[in-house]
Amino acid sequence: MVAPTATVILDRDGVINADTVECVRSVSAWQPLPGSLEALAQLRRAGWQVVVATNQSGVARGLLSRRELASIHEHMCGEVNAAGGAIGAIASCTHGPEECCGCRKPAPGLIHQLESRLGRSLQDAPFVGDAERDLQAARAAGCRPVLVRTGKGRRTEKVADLSGVTVYDDLRAFVRCLLGETSA
Ligand SMILES: [Mg+2]
Ligand SMILES: [Zn+2]
């Protein structure tokens, strides 16, 4: 069992749920990736806290409202809870790329928002994403960048700077390794 404050930061689309062509615009379009809900349950059982940092520029682009985004997150947390997991906090950037907001990944602002909400540092926490901007945000905030091959991950693996990055097939494989490591 790890310390109760050990935290894993996850990107949402392409890590927990399937990425879609445009963006996830409705509760029914939110579809968990195979094994992701079970992986979140395993993390909870092992004493890890899970938080989410997600770019949702679809809001700025008018593809969904903040209210719809909140409903999707409520649904996601419900599905995660039903499977035995828990999401402790979600930080979303709803700005467009041209707004230079400081929270849109690759900027580290969402991680800093999570740190203020939790009241502690997320330095060295694993940050699991499928896009290069997730890896960049993780580095900028002093987190451990982790890439999964789901979502955009296979393409990212070919083109991104992978220095200091560990790569797994999916969230399930990452969690298996994380829990194996920590119990060893
Ligand atoms: Mg993603
Ligand atoms: Zn933002």
# chains A, B, ... in the order shown; residues from 1 in each chain; ligands from 1
call {"tool": "residues_around", "arguments": {"residues": "range 149-162 of chain A", "least_positions_apart": "5", "cutoff": "12 Å", "atoms": "only C-alpha atoms", "output": "ChimeraX atom specification"}}
result
/A:11-21,32-36,128-136,139,144,167-174
call {"tool": "write_last_selection", "arguments": {"atoms": "N, CA and C atoms", "output": "short mmCIF file (atom, residue, chain, number, x, y, z; two decimals), in the first residue's frame"}}
result
data_model
loop_
_atom_site.label_atom_id
_atom_site.label_comp_id
_atom_site.auth_asym_id
_atom_site.auth_seq_id
_atom_site.Cartn_x
_atom_site.Cartn_y
_atom_site.Cartn_z
N ASP A 11 -4.68 12.33 -18.57
CA ASP A 11 -5.41 12.99 -19.63
C ASP A 11 -6.72 12.21 -19.77
N ARG A 12 -7.73 12.80 -20.37
CA ARG A 12 -9.02 12.11 -20.48
C ARG A 12 -9.17 11.38 -21.83
N ASP A 13 -9.28 12.16 -22.92
CA ASP A 13 -9.57 11.55 -24.22
C ASP A 13 -8.36 10.79 -24.75
N GLY A 14 -8.58 9.53 -25.13
CA GLY A 14 -7.48 8.72 -25.63
C GLY A 14 -6.72 8.00 -24.53
N VAL A 15 -7.13 8.24 -23.27
CA VAL A 15 -6.49 7.57 -22.14
C VAL A 15 -7.56 6.80 -21.33
N ILE A 16 -8.60 7.54 -20.88
CA ILE A 16 -9.69 6.90 -20.14
C ILE A 16 -10.79 6.48 -21.12
N ASN A 17 -11.14 7.38 -22.01
CA ASN A 17 -12.20 7.11 -22.98
C ASN A 17 -11.67 7.26 -24.40
N ALA A 18 -12.42 6.70 -25.34
CA ALA A 18 -12.02 6.76 -26.75
C ALA A 18 -12.03 8.20 -27.23
N ASP A 19 -11.03 8.55 -28.02
CA ASP A 19 -10.97 9.85 -28.67
C ASP A 19 -11.98 9.79 -29.81
N THR A 20 -12.58 10.90 -30.16
CA THR A 20 -13.50 10.91 -31.29
C THR A 20 -12.96 11.91 -32.31
N VAL A 21 -13.54 11.92 -33.49
CA VAL A 21 -12.99 12.73 -34.57
C VAL A 21 -12.95 14.22 -34.18
N PRO A 32 -15.74 4.42 -22.53
CA PRO A 32 -14.46 4.07 -21.91
C PRO A 32 -13.64 3.14 -22.81
N LEU A 33 -12.33 3.29 -22.76
CA LEU A 33 -11.45 2.38 -23.49
C LEU A 33 -11.43 1.03 -22.76
N PRO A 34 -11.18 -0.06 -23.49
CA PRO A 34 -11.17 -1.38 -22.83
C PRO A 34 -10.18 -1.41 -21.68
N GLY A 35 -10.67 -1.80 -20.50
CA GLY A 35 -9.78 -1.98 -19.35
C GLY A 35 -9.53 -0.71 -18.54
N SER A 36 -9.97 0.45 -19.03
CA SER A 36 -9.61 1.69 -18.31
C SER A 36 -10.35 1.80 -16.97
N VAL A 128 -0.19 10.65 -17.29
CA VAL A 128 -0.39 9.72 -18.40
C VAL A 128 -1.20 10.39 -19.50
N GLY A 129 -0.62 10.47 -20.70
CA GLY A 129 -1.32 11.09 -21.82
C GLY A 129 -1.07 10.35 -23.12
N ASP A 130 -1.78 10.78 -24.16
CA ASP A 130 -1.61 10.16 -25.48
C ASP A 130 -1.07 11.15 -26.51
N ALA A 131 -0.90 12.41 -26.14
CA ALA A 131 -0.46 13.42 -27.11
C ALA A 131 0.84 14.06 -26.62
N GLU A 132 1.60 14.62 -27.56
CA GLU A 132 2.87 15.22 -27.17
C GLU A 132 2.65 16.36 -26.18
N ARG A 133 1.54 17.09 -26.33
CA ARG A 133 1.33 18.23 -25.41
C ARG A 133 1.12 17.76 -23.97
N ASP A 134 0.65 16.52 -23.79
CA ASP A 134 0.55 15.97 -22.43
C ASP A 134 1.95 15.78 -21.84
N LEU A 135 2.84 15.25 -22.68
CA LEU A 135 4.22 15.01 -22.22
C LEU A 135 4.89 16.33 -21.89
N GLN A 136 4.63 17.34 -22.73
CA GLN A 136 5.24 18.67 -22.51
C GLN A 136 4.70 19.32 -21.24
N ARG A 139 6.30 17.61 -18.23
CA ARG A 139 7.68 18.08 -18.00
C ARG A 139 7.68 19.47 -17.39
N ARG A 144 6.18 13.16 -14.01
CA ARG A 144 6.82 12.10 -14.80
C ARG A 144 5.98 11.81 -16.03
N VAL A 167 6.61 4.33 -21.97
CA VAL A 167 5.52 4.08 -22.92
C VAL A 167 4.87 2.74 -22.60
N TYR A 168 3.54 2.73 -22.60
CA TYR A 168 2.75 1.51 -22.34
C TYR A 168 1.68 1.37 -23.40
N ASP A 169 1.18 0.15 -23.58
CA ASP A 169 0.13 -0.06 -24.58
C ASP A 169 -1.14 0.69 -24.22
N ASP A 170 -1.49 0.71 -22.95
CA ASP A 170 -2.72 1.39 -22.54
C ASP A 170 -2.67 1.66 -21.03
N LEU A 171 -3.72 2.26 -20.51
CA LEU A 171 -3.76 2.61 -19.10
C LEU A 171 -3.63 1.38 -18.21
N ARG A 172 -4.27 0.31 -18.66
CA ARG A 172 -4.23 -0.95 -17.92
C ARG A 172 -2.78 -1.42 -17.75
N ALA A 173 -2.01 -1.37 -18.83
CA ALA A 173 -0.61 -1.83 -18.78
C ALA A 173 0.22 -0.91 -17.89
N PHE A 174 -0.05 0.39 -17.94
CA PHE A 174 0.67 1.33 -17.07
C PHE A 174 0.38 1.01 -15.61
#
call {"tool": "closest_atom_pairs", "arguments": {"of": "range 98-126 of chain A", "to": "range 41-65 of chain A", "cutoff": "8 Å", "atoms": "only C-alpha atoms", "output": "tab-separated table"}}
result
residue	atom	partner	partner_atom	distance
A:Arg104	CA	A:Asn55	CA	5.9
A:Lys105	CA	A:Asn55	CA	6.6
A:Leu110	CA	A:Ala53	CA	5.9
A:Ile111	CA	A:Ala53	CA	6.8
A:Leu114	CA	A:Val51	CA	7.8
call {"tool": "select_by_dssp", "arguments": {"residues": "range 50-178 of chain A", "states": "helix (DSSP H, G or I)", "output": "ChimeraX atom specification"}}
result
/A:66-82,97-99,109-118,132-140,153-159,171-178
call {"tool": "closest_residue", "arguments": {"among": "A:Val165, A:Cys93, A:Ala137, A:Val146", "to": "ligand 2", "atoms": "only C-alpha atoms and all ligand atoms"}}
result
A:Cys93
call {"tool": "residues_near_ligand", "arguments": {"ligand": "ligand 2", "cutoff": "7 Å", "atoms": "only C-alpha atoms and all ligand atoms", "output": "ChimeraX atom specification"}}
result
/A:93-95,101-104
call {"tool": "select_by_dssp", "arguments": {"residues": "range 4-41 of chain A", "states": "strand (DSSP E)", "output": "PyMOL selection string"}}
result
chain A and resi 7-10
call {"tool": "closest_residue", "arguments": {"among": "A:Ala141, A:Ala107, A:Leu10, A:Ile90", "to": "ligand 1", "atoms": "only C-alpha atoms and all ligand atoms"}}
result
A:Leu10
call {"tool": "closest_residue", "arguments": {"among": "A:Ala6, A:Leu147, A:Leu179, A:Ala140", "to": "ligand 1", "atoms": "only C-alpha atoms and all ligand atoms"}}
result
A:Leu147
call {"tool": "closest_residue", "arguments": {"among": "A:Cys23, A:Ala29, A:Val8, A:Leu69", "to": "ligand 1", "atoms": "only C-alpha atoms and all ligand atoms"}}
result
A:Cys23
call {"tool": "atom_distance", "arguments": {"atom1": "CA of Phe127 in chain A", "atom2": "CA of Met76 in chain A"}}
result
18.9 Å
call {"tool": "closest_residue", "arguments": {"among": "A:Glu74, A:Pro106, A:Arg176, A:Leu122", "to": "ligand 1", "atoms": "only C-alpha atoms and all ligand atoms"}}
result
A:Pro106
call {"tool": "closest_residue", "arguments": {"among": "A:Gln113, A:Glu38, A:Val80, A:Val148", "to": "ligand 1", "atoms": "only C-alpha atoms and all ligand atoms"}}
result
A:Val148
call {"tool": "atom_distance", "arguments": {"atom1": "CA of His112 in chain A", "atom2": "CA of Thr166 in chain A"}}
result
22.3 Å
